[in-house]
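Source file coords04.cif; content: mmCIF, C-alpha atoms and all ligand atoms.
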data_target
#
loop_
_atom_site.label_atom_id
_atom_site.label_comp_id
_atom_site.auth_asym_id
_atom_site.auth_seq_id
_atom_site.Cartn_x
_atom_site.Cartn_y
_atom_site.Cartn_z
CA MET A 24 71.30 98.14 88.04
CA LYS A 25 70.84 100.78 90.73
CA VAL A 26 72.52 100.42 94.10
CA LEU A 27 71.94 102.56 97.18
CA ALA A 28 74.91 102.19 99.56
CA LEU A 29 74.25 103.55 103.04
CA ASN A 30 77.16 104.19 105.40
CA ALA A 31 76.02 104.53 109.02
CA SER A 32 79.45 105.24 110.55
CA PRO A 33 79.57 108.55 112.42
CA ARG A 34 83.25 108.86 111.57
CA ILE A 35 84.45 111.09 108.78
CA LYS A 36 86.19 109.94 105.62
CA GLY A 37 89.66 108.56 106.23
CA GLN A 38 88.80 107.45 109.79
CA SER A 39 85.89 105.13 109.12
CA LYS A 40 86.75 101.48 108.52
CA THR A 41 83.18 100.95 107.29
CA GLU A 42 83.91 103.58 104.68
CA ILE A 43 87.19 101.91 103.64
CA MET A 44 85.41 98.58 103.12
CA LEU A 45 82.38 100.15 101.46
CA SER A 46 84.57 102.08 98.98
CA SER A 47 86.11 98.81 97.81
CA LEU A 48 82.69 97.19 97.47
CA VAL A 49 81.34 100.16 95.52
CA ALA A 50 84.40 100.09 93.23
CA GLY A 51 83.57 96.47 92.34
CA MET A 52 79.87 97.19 91.84
CA GLU A 53 80.66 100.09 89.54
CA ARG A 54 83.21 97.99 87.66
CA ALA A 55 80.43 95.48 87.01
CA GLY A 56 78.27 98.25 85.53
CA ALA A 57 76.03 99.25 88.46
CA ARG A 58 75.05 102.84 89.14
CA VAL A 59 75.87 103.32 92.83
CA GLU A 60 74.71 106.16 95.05
CA VAL A 61 76.69 106.31 98.29
CA VAL A 62 75.03 108.11 101.17
CA SER A 63 76.70 108.91 104.46
CA LEU A 64 73.81 108.80 106.93
CA ARG A 65 75.90 110.96 109.28
CA THR A 66 75.11 113.92 107.02
CA LYS A 67 71.35 113.23 106.82
CA THR A 68 68.39 113.74 109.10
CA VAL A 69 66.60 110.47 109.79
CA LYS A 70 64.17 111.00 112.67
CA ASN A 71 63.14 108.03 114.77
CA CYS A 72 59.96 106.20 113.82
CA ILE A 73 57.25 107.34 116.28
CA GLY A 74 55.04 104.28 115.76
CA CYS A 75 51.97 106.33 114.69
CA TYR A 76 51.18 104.06 111.71
CA THR A 77 50.25 107.10 109.61
CA CYS A 78 52.27 105.43 106.83
CA TRP A 79 49.89 102.43 107.06
CA THR A 80 46.60 104.30 107.43
CA LYS A 81 46.11 107.98 106.62
CA THR A 82 48.85 108.26 103.98
CA PRO A 83 49.62 104.65 102.91
CA GLY A 84 53.28 104.29 101.96
CA ARG A 85 54.16 107.81 103.16
CA CYS A 86 55.74 108.64 106.52
CA ILE A 87 54.43 111.45 108.75
CA HIS A 88 57.95 112.92 109.13
CA ARG A 89 59.25 115.39 106.57
CA ASP A 90 63.00 114.86 106.76
CA ASP A 91 65.81 113.57 104.52
CA MET A 92 64.56 110.02 104.97
CA ALA A 93 61.07 110.85 103.74
CA THR A 94 61.97 113.18 100.93
CA GLU A 95 65.21 111.68 99.62
CA LEU A 96 66.38 108.39 101.12
CA PHE A 97 63.18 106.33 101.18
CA PRO A 98 62.40 107.08 97.51
CA ALA A 99 66.01 106.17 96.61
CA PHE A 100 65.72 102.98 98.71
CA ILE A 101 62.56 101.66 97.04
CA GLY A 102 63.90 102.72 93.65
CA SER A 103 67.09 100.69 94.01
CA ASP A 104 67.79 97.09 93.02
CA ILE A 105 70.29 96.53 95.83
CA ALA A 106 70.57 98.38 99.14
CA VAL A 107 73.86 98.06 101.00
CA PHE A 108 73.55 98.53 104.76
CA ALA A 109 77.07 99.38 105.91
CA THR A 110 77.42 99.78 109.66
CA PRO A 111 80.14 99.65 112.30
CA LEU A 112 79.41 96.93 114.83
CA TYR A 113 78.18 98.61 118.01
CA HIS A 114 77.39 96.44 121.01
CA PHE A 115 77.47 93.40 118.73
CA THR A 116 74.83 94.63 116.31
CA MET A 117 74.17 97.45 113.82
CA ASN A 118 74.53 100.96 115.20
CA ALA A 119 71.58 103.19 116.08
CA THR A 120 71.91 105.23 112.89
CA MET A 121 71.49 102.12 110.73
CA LYS A 122 68.65 100.87 112.92
CA ALA A 123 66.83 104.21 112.68
CA PHE A 124 67.05 103.99 108.89
CA ILE A 125 65.73 100.43 108.80
CA GLU A 126 62.83 101.23 111.15
CA ARG A 127 61.87 104.08 108.86
CA THR A 128 61.45 101.67 105.95
CA LEU A 129 58.13 100.61 107.56
CA PRO A 130 56.05 102.30 104.78
CA VAL A 131 57.36 99.62 102.40
CA LEU A 132 55.13 97.15 104.26
CA GLU A 133 51.35 96.88 104.53
CA PRO A 134 49.74 96.50 107.98
CA PHE A 135 48.00 93.18 107.33
CA LEU A 136 49.08 89.99 109.01
CA GLN A 137 49.67 87.12 106.64
CA GLN A 138 50.71 83.62 107.51
CA LYS A 139 52.93 81.14 105.79
CA GLY A 140 53.28 77.88 107.69
CA GLU A 141 53.99 78.83 111.29
CA THR A 142 55.23 82.33 110.46
CA THR A 143 53.28 85.59 110.48
CA PHE A 144 54.50 88.51 108.39
CA HIS A 145 53.46 91.81 106.80
CA PRO A 146 53.10 91.79 103.02
CA LEU A 147 55.18 94.16 100.93
CA ARG A 148 53.40 97.23 99.58
CA GLY A 149 55.63 97.38 96.54
CA ARG A 150 59.16 96.63 95.58
CA HIS A 151 61.89 96.02 98.14
CA PRO A 152 65.54 96.04 97.06
CA ALA A 153 67.78 93.04 97.66
CA VAL A 154 69.89 93.66 100.75
CA VAL A 155 73.62 93.43 101.38
CA VAL A 156 74.99 93.96 104.88
CA LEU A 157 78.56 95.12 105.48
CA SER A 158 79.98 95.55 108.95
CA VAL A 159 83.33 96.11 110.65
CA ALA A 160 84.34 95.42 114.25
CA GLY A 161 87.20 96.15 116.61
CA PHE A 162 87.45 92.69 118.20
CA PRO A 163 89.42 90.05 116.29
CA GLU A 164 86.91 87.17 116.27
CA GLN A 165 84.53 86.83 113.33
CA SER A 166 81.96 85.42 115.78
CA VAL A 167 81.23 88.98 116.99
CA PHE A 168 78.95 89.31 113.96
CA SER A 169 76.73 86.34 114.81
CA GLN A 170 73.91 88.42 116.35
CA LEU A 171 73.88 90.90 113.47
CA SER A 172 73.96 88.09 110.92
CA SER A 173 71.15 86.22 112.62
CA HIS A 174 69.06 89.41 112.80
CA MET A 175 69.59 90.28 109.13
CA ARG A 176 68.87 86.71 107.98
CA PHE A 177 65.65 86.63 110.01
CA MET A 178 64.52 90.04 108.69
CA TYR A 179 65.33 89.70 105.02
CA GLY A 180 65.44 85.94 104.37
CA LYS A 181 66.23 85.23 100.73
CA GLY A 182 66.28 89.00 100.12
CA LEU A 183 69.62 89.13 101.94
CA ILE A 184 72.01 88.40 99.09
CA GLY A 185 75.36 89.16 100.73
CA GLU A 186 77.03 89.49 104.11
CA ILE A 187 80.45 91.13 104.40
CA TYR A 188 81.91 91.14 107.88
CA ARG A 189 85.43 92.21 108.85
CA SER A 190 86.67 91.79 112.41
CA ALA A 191 89.90 93.42 113.66
CA ALA A 192 89.09 96.30 111.33
CA GLU A 193 91.00 98.85 113.41
CA ALA A 194 94.15 96.70 113.27
CA MET A 195 93.67 96.05 109.56
CA VAL A 196 94.60 99.63 108.68
CA LEU A 197 97.94 99.48 110.54
CA GLY A 198 101.28 99.34 108.72
CA PRO A 199 102.28 95.72 109.41
CA TYR A 200 99.07 94.37 107.94
CA GLY A 201 99.43 96.19 104.60
CA LYS A 202 99.68 93.04 102.49
CA VAL A 203 96.74 91.23 104.04
CA ARG A 204 94.70 94.46 104.01
CA ALA A 205 95.30 94.84 100.26
CA ASP A 206 94.09 91.28 99.69
CA ILE A 207 91.00 91.78 101.88
CA LEU A 208 90.02 94.99 100.10
CA ASP A 209 90.65 93.36 96.74
CA ALA A 210 88.32 90.53 97.81
CA VAL A 211 85.67 93.07 98.85
CA THR A 212 85.91 94.60 95.37
CA THR A 213 85.50 91.12 93.89
CA ALA A 214 82.41 90.69 96.09
CA GLY A 215 81.02 93.89 94.59
CA VAL A 216 81.51 92.56 91.06
CA GLU A 217 79.94 89.21 92.00
CA LEU A 218 76.92 90.79 93.69
CA VAL A 219 76.06 92.85 90.63
CA LYS A 220 76.67 90.02 88.18
CA THR A 221 75.22 87.06 90.10
CA MET A 222 73.38 88.52 93.14
CA ARG A 223 75.57 86.41 95.44
CA ILE A 224 79.09 86.33 96.85
CA ASP A 225 81.28 83.34 96.10
CA PRO A 226 82.22 81.48 99.32
CA ALA A 227 85.90 81.68 98.26
CA THR A 228 85.58 85.49 98.22
CA VAL A 229 84.01 85.45 101.69
CA GLU A 230 86.93 83.36 102.89
CA ARG A 231 89.40 85.96 101.61
CA ILE A 232 87.43 88.80 103.21
CA THR A 233 87.38 87.04 106.58
CA GLN A 234 90.97 85.75 106.52
CA PRO A 235 92.94 86.19 109.77
CA ILE A 236 94.88 89.46 109.89
CA GLY A 237 97.49 88.54 112.45
CA ASP A 238 98.11 87.01 115.86
CA LYS A 239 95.26 88.22 118.05
CA THR A 240 97.32 88.15 121.24
CA VAL A 241 99.92 90.43 119.63
CA MET A 242 97.11 92.70 118.42
CA ALA A 243 95.59 92.86 121.89
CA ARG A 244 98.95 93.69 123.49
CA ALA A 245 99.61 96.45 120.94
CA ALA A 246 96.07 97.81 121.41
CA ASN A 247 96.53 97.93 125.18
CA ILE A 248 99.80 99.88 124.87
CA PHE A 249 97.98 102.27 122.54
CA TRP A 250 95.00 102.77 124.91
CA ARG A 251 97.28 103.25 127.92
CA THR A 252 99.10 106.01 126.00
CA CYS A 253 95.77 107.65 125.06
CA ILE A 254 94.75 107.66 128.75
CA ARG A 255 98.11 108.96 129.97
CA GLU A 256 98.31 111.69 127.32
CA LYS A 257 94.57 112.49 127.60
CA MET A 258 94.12 112.10 123.84
CA THR A 259 91.48 110.38 121.75
CA PRO A 260 92.71 107.89 119.12
CA GLU A 261 92.02 110.47 116.42
CA GLU A 262 94.05 113.13 118.26
CA MET A 263 96.89 110.60 118.61
CA ARG A 264 96.78 109.95 114.86
CA ALA A 265 96.55 113.64 113.91
CA LYS A 266 99.52 114.55 116.13
CA GLY A 267 101.51 111.49 115.06
CA THR A 268 101.86 110.46 118.73
CA VAL A 269 103.59 107.09 119.09
CA PRO A 270 102.29 104.66 121.75
CA ARG A 271 104.69 104.57 124.69
CA PRO A 272 105.82 101.09 125.78
CA GLU A 273 106.16 100.49 129.51
CA SER A 274 108.36 97.39 129.29
CA ILE A 275 111.17 96.07 127.10
CA GLU A 276 108.86 93.30 125.82
CA ASP A 277 106.29 95.90 124.73
CA PHE A 278 109.04 98.01 123.13
CA CYS A 279 110.23 95.00 121.10
CA LEU A 280 106.67 94.21 120.08
CA LEU A 281 105.95 97.74 118.88
CA MET A 282 109.27 98.00 117.05
CA LYS A 283 108.49 94.76 115.23
CA MET A 284 105.06 96.06 114.29
CA ALA A 285 106.44 99.41 113.16
CA PHE A 286 109.23 97.98 110.99
CA ARG A 287 108.84 98.74 107.27
CA PRO A 288 110.49 96.01 105.16
CA ASP A 289 109.48 97.94 102.02
CA ARG A 290 112.02 100.60 103.06
CA ALA A 291 114.78 98.09 103.79
CA ALA A 292 115.80 96.96 100.29
CA GLY A 293 119.19 95.24 100.47
CA LEU A 294 119.46 95.73 104.24
CA LYS A 295 120.69 92.99 106.55
CA ALA A 296 121.47 94.28 110.01
CA ILE A 297 121.00 93.65 113.71
CA ILE A 298 120.19 96.51 116.06
CA ARG A 299 120.49 95.91 119.78
CA PHE A 300 119.06 98.15 122.47
CA ASP A 301 120.70 97.78 125.88
CA PHE A 302 118.40 99.37 128.42
CA THR A 303 119.22 100.50 131.94
CA GLY A 304 117.23 102.35 134.61
CA GLU A 305 113.55 101.62 135.25
CA GLN A 306 113.67 98.66 132.81
CA GLU A 307 116.89 96.66 132.54
CA GLY A 308 117.58 94.31 129.61
CA ALA A 309 118.10 94.09 125.89
CA CYS A 310 116.05 93.97 122.71
CA SER A 311 117.81 92.73 119.57
CA LEU A 312 116.12 93.15 116.23
CA SER A 313 117.35 91.45 113.09
CA LEU A 314 116.23 93.49 110.07
CA SER A 315 116.04 92.68 106.39
CA GLU A 316 113.86 93.41 103.40
CA HIS A 317 111.94 90.22 104.28
CA GLY A 318 110.92 91.44 107.71
CA VAL A 319 112.05 91.68 111.30
CA GLU A 320 112.85 89.03 113.87
CA GLU A 321 113.65 89.31 117.51
CA SER A 322 117.10 87.87 118.10
CA VAL A 323 117.12 85.65 121.15
CA GLN A 324 120.79 85.93 122.12
CA PRO A 325 120.84 88.98 124.43
CA GLY A 326 124.56 89.75 124.14
CA GLY A 327 124.96 88.54 120.54
CA ARG A 328 126.56 90.28 117.57
CA ALA A 329 124.96 93.56 116.51
CA ASP A 330 125.69 96.12 113.79
CA LEU A 331 124.42 98.94 115.98
CA VAL A 332 124.20 98.95 119.76
CA VAL A 333 122.15 101.68 121.44
CA SER A 334 122.75 101.90 125.20
CA ALA A 335 120.20 104.06 126.94
CA PRO A 336 118.17 104.49 130.09
CA PHE A 337 114.76 103.04 129.20
CA ASP A 338 112.81 106.24 129.92
CA VAL A 339 115.26 108.35 127.83
CA TRP A 340 114.80 106.14 124.79
CA MET A 341 111.02 106.07 125.28
CA ASP A 342 111.07 109.90 125.38
CA ILE A 343 112.97 109.90 122.07
CA LEU A 344 110.63 107.28 120.58
CA THR A 345 107.54 109.27 121.48
CA GLY A 346 108.98 112.61 120.37
CA LYS A 347 109.29 114.04 123.89
CA ALA A 348 113.08 114.34 123.46
CA ASP A 349 115.23 114.94 120.39
CA GLY A 350 117.46 111.95 119.54
CA GLN A 351 120.35 114.00 118.15
CA ASP A 352 120.26 116.42 121.07
CA ALA A 353 120.17 113.56 123.61
CA LEU A 354 123.15 111.89 121.91
CA THR A 355 125.16 115.13 122.02
CA LYS A 356 124.33 115.53 125.71
CA GLY A 357 125.49 111.96 126.35
CA TRP A 358 122.08 110.74 127.60
CA TYR A 359 122.64 107.60 125.54
CA THR A 360 125.40 106.09 123.41
CA ALA A 361 125.40 104.44 120.00
CA GLU A 362 128.17 102.17 118.76
CA GLY A 363 128.66 100.57 115.35
CA ASP A 364 126.97 101.48 112.08
CA LEU A 365 125.58 104.94 112.89
CA SER A 366 123.82 105.14 109.52
CA LEU A 367 121.28 102.74 111.06
CA LEU A 368 120.67 105.26 113.83
CA VAL A 369 120.09 107.98 111.23
CA ARG A 370 117.64 105.70 109.35
CA MET A 371 115.70 104.69 112.47
CA ARG A 372 112.63 106.89 111.83
CA GLU A 373 112.54 105.82 108.18
CA LEU A 374 112.85 102.10 108.96
CA PHE A 375 110.31 102.16 111.79
CA GLY A 376 108.25 105.14 110.69
CA PRO A 377 104.58 105.40 109.84
CA SER A 378 103.51 105.23 106.21
C1 LIG B 1 79.73 102.53 120.88
C2 LIG B 1 80.66 101.52 120.29
C3 LIG B 1 80.36 100.17 120.43
C4 LIG B 1 81.21 99.22 119.87
N1 LIG B 1 80.87 97.91 120.02
C5 LIG B 1 81.68 96.96 119.50
C6 LIG B 1 81.36 95.58 119.65
O1 LIG B 1 80.34 95.22 120.21
N2 LIG B 1 82.22 94.66 119.14
C7 LIG B 1 83.36 95.03 118.47
O2 LIG B 1 84.10 94.15 118.03
N3 LIG B 1 83.67 96.34 118.28
C8 LIG B 1 82.86 97.30 118.77
N4 LIG B 1 83.17 98.63 118.60
C9 LIG B 1 84.33 99.00 117.75
C10 LIG B 1 83.89 99.38 116.32
O3 LIG B 1 83.09 98.38 115.74
C11 LIG B 1 85.13 99.57 115.45
O4 LIG B 1 85.93 100.58 116.01
C12 LIG B 1 84.80 99.90 114.02
O5 LIG B 1 85.98 99.86 113.28
C13 LIG B 1 84.19 101.27 113.85
O6 LIG B 1 83.87 101.46 112.49
P1 LIG B 1 84.05 102.89 111.79
O7 LIG B 1 85.52 103.16 111.80
O8 LIG B 1 83.52 102.71 110.40
O9 LIG B 1 83.25 103.88 112.55
C14 LIG B 1 82.35 99.61 119.15
C15 LIG B 1 82.65 100.97 119.03
C16 LIG B 1 81.82 101.91 119.60
C17 LIG B 1 82.18 103.38 119.44
#
Could the structure of this file be written out as C-alpha cells, please?
Ligand SMILES: Cc1cc2nc3c(=O)[nH]c(=O)nc-3n(C[C@H](O)[C@H](O)[C@H](O)COP(=O)(O)O)c2cc1C
Amino acid sequence: MKVLALNASPRIKGQSKTEIMLSSLVAGMERAGARVEVVSLRTKTVKNCIGCYTCWTKTPGRCIHRDDMATELFPAFIGSDIAVFATPLYHFTMNATMKAFIERTLPVLEPFLQQKGETTFHPLRGRHPAVVVLSVAGFPEQSVFSQLSSHMRFMYGKGLIGEIYRSAAEAMVLGPYGKVRADILDAVTTAGVELVKTMRIDPATVERITQPIGDKTVMARAANIFWRTCIREKMTPEEMRAKGTVPRPESIEDFCLLMKMAFRPDRAAGLKAIIRFDFTGEQEGACSLSLSEHGVEESVQPGGRADLVVSAPFDVWMDILTGKADGQDALTKGWYTAEGDLSLLVRMRELFGPS
C-alpha cells in the first residue's frame, strides 16, 4: 500500500504539532507495512488554481501550471492508495496551503455534471486515493473541528476513511501533560496501523486521541501568562522557547499555578517536602507547595509547616525565576532569605525545570 502524507504546517520540524501527530500516524502506517512518502508542503511550490479549465479541456488531466504540484505531487497523489491531509486548524478550517493543494487536484475530475438523486457531481477521471484528514488546534474544545469535518465529509463522502483531530495541541507538548501526550501519540500510531489494515479507525482509538488533556481553565490561565510575557518581552513564542525564557507571573496565584505546571515528579524520586514562598512587596502572601514523586499539591494552610521557607519581595523572586537575576547572587546580597532544607533551594531548577 502506498501512502502520500502531506503536511501543510508552515512551521519547521520540532515546532509543528501537525508534524508531531503526523509522525506518529506514519510510524503506525509503516509498521503495518505501508510505503509512506511524507511531503512538507512548506518546501514545495503549489501555485493557486487559476480556474482556466485547461486541465478539463486542452490537456485533459494535466494542469497548465508547471510547478512541484504538477510535476511531482499530483502524480504521487493519484498514484497513492491513501492520501493524508495534515493541516493546522486556521480560522476553524484547513489552512491555505492545504486548500491550495486540494484545489489543484481538479484534474482528477472530469467537467461533466452527473446527478445521483438530488445531488450533482463531477465524475472522476481516474483513480482517487482514500483520504485521511489530520488536524491540530490551539483551542481546547474538540468542537473547533466541526467545520473542517463537515467540509471533508461533504467533499469526500465514503472516500474519507479517517479523521484525526487534536485540540489543545500547543498545551499537549508541555511538560505536565507528558503522560497523556504519550498515550495520545500512541493512539495515533494505532490509528495508522488500523487505517492500513482495515481502512478505518476504531472508535476506541478515536476516543483515546481526543481524550481531555487537562483542565481547560488552568490551560487558559497559563496561556495568558505566557502571551503577556511574550508581549512584554517583545518575543515570539519560538523566540521564548529558543531562549528558554520562563513566563513571568504577575500574581501569587499565577506563580503557584505555573510552579505546579512546571513541577517534574519524575525527578522527585523519594522526595516528600513542602516549600513555602512568603512574598512581600508588590504582591503580599504565601504559596505553599507540597512535593512528592506522585505530583504537587498546593497546601492550603498559609502559615503551615514547611521544609523550606523562601521569603522574598515578589518582584525579586520573579526576576530570579525568569533569569533576570541570579538566585545565588541575590541570596548573598540579602535580597531574599531561605530557611530550612537548603538542598531544596539548590534543586529548585531541577525540580521545576524544563525537560
Ligand atoms: C493564522 C492562524 C489561525 C489559527 N486559527 C485557529 C483556530 O481557528 N482555532 C484554533 O483552535 N486554533 C487556531 N490556531 C492555532 C493553531 O491551530 C495551533 O497553533 C496549531 O498547533 C498549529 O499547528 P502547527 O504547530 O502544526 O503549525 C491558529 C493559528 C494561526 C497561526
Check every protein, DNA and RNA residue against ligand LIG 1 (chain B), keep those with an atom at most 9 Å away (counting only C-alpha atoms and all ligand atoms), and present them as number ranges by chain.
-> A: 30-35, 37-44, 109-116, 118, 158-165, 167-168, 189-194
If you measure from CA of Ala28 in chain A to CA of Arg89 in chain A, what distance in Å do you get, rounded to one decimal?
->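 Atom-to-atom, CA of Ala28 in chain A and CA of Arg89 in chain A are spaced 21.6 Å apart.
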What separates CA of Gly346 in chain A and CA of Thr268 in chain A is a distance of 7.6 Å
One decimal, Å: what's the distance from CA of Gly215 in chain A over to CA of Val69 in chain A, could you say?
->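 Separating CA of Gly215 in chain A from CA of Val69 in chain A is a distance of 26.7 Å.
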May I ask which of the residues A:Gly140, A:Gly51, A:Gly327, A:Gly102 is the closest one to Val211 in chain A, counting only C-alpha atoms?
->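 Closest residue, counting only C-alpha atoms: A:Gly51.
In terms of minimum interatomic distance to Ser315 in chain A, A:Arg287 ranks closest within A:Arg287, A:Arg255, A:His145, A:Arg299, counting only C-alpha atoms.
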Got a sec to check which residues sit within 10 Å of (73.2, 89.4, 112.3), counting all atoms listed in the file, and write them as an MDAnalysis selection string?
-> chainID A and resid 115:117 156 158 167:178 186 188
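Within the 12 Å cut-off around Asp349 in chain A, using all atoms listed in the file and omitting residues fewer than 6 positions from it on the same chain, the listed residues are Val339, Trp340, Met341, Asp342, Ile343, Thr355, Lys356, Trp358 and Tyr359 of chain A.
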Best match for closeness to Met24 in chain A among A:Ile87, A:Ala153, A:Ala245, A:Ala93, counting all atoms listed in the file |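 Of A:Ile87, A:Ala153, A:Ala245, A:Ala93, the one nearest Met24 in chain A, counting all atoms listed in the file, is A:Ala153.
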Give me the residues within 10 Å of Glu126 in chain A as a ChimeraX atom specification, counting all atoms listed in the file and dropping any in the same chain fewer than 4 places off.
-> /A:70-74,121-122,130
Just the residues within 12 Å of Ala292 in chain A, please, counting all atoms listed in the file, with nothing from its chain fewer than 4 positions along; format it as a PyMOL selection string.
-> chain A and resi 287-288+296+314-318+374
Produce a file of the selected residues containing C-alpha atoms, as a PDB file, in the coordinates of the input.
ATOM      1  CA  ARG A 287     108.840  98.740 107.270  1.00  0.00           C
ATOM      2  CA  PRO A 288     110.490  96.010 105.160  1.00  0.00           C
ATOM      3  CA  ALA A 296     121.470  94.280 110.010  1.00  0.00           C
ATOM      4  CA  LEU A 314     116.230  93.490 110.070  1.00  0.00           C
ATOM      5  CA  SER A 315     116.040  92.680 106.390  1.00  0.00           C
ATOM      6  CA  GLU A 316     113.860  93.410 103.400  1.00  0.00           C
ATOM      7  CA  HIS A 317     111.940  90.220 104.280  1.00  0.00           C
ATOM      8  CA  GLY A 318     110.920  91.440 107.710  1.00  0.00           C
ATOM      9  CA  LEU A 374     112.850 102.100 108.960  1.00  0.00           C
TER      10      LEU A 374
END
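Residue nearest Ile297 in chain A within the list A:Glu262, A:Glu256, A:Asp364, A:Glu141: A:Asp364 [criterion: smallest interatomic distance, only C-alpha atoms].
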For Lys67 in chain A, which of A:Val203, A:Ala55, A:Val107, A:Leu96 is the closest residue, counting all atoms listed in the file?
-> A:Leu96
Residue contacts of Ser366 in chain A (12 Å, all atoms listed in the file) excluding same-chain residues fewer than 5 positions away, as a VMD selection string | chain A and resid 294 296 298 330 to 332 361 371 to 374
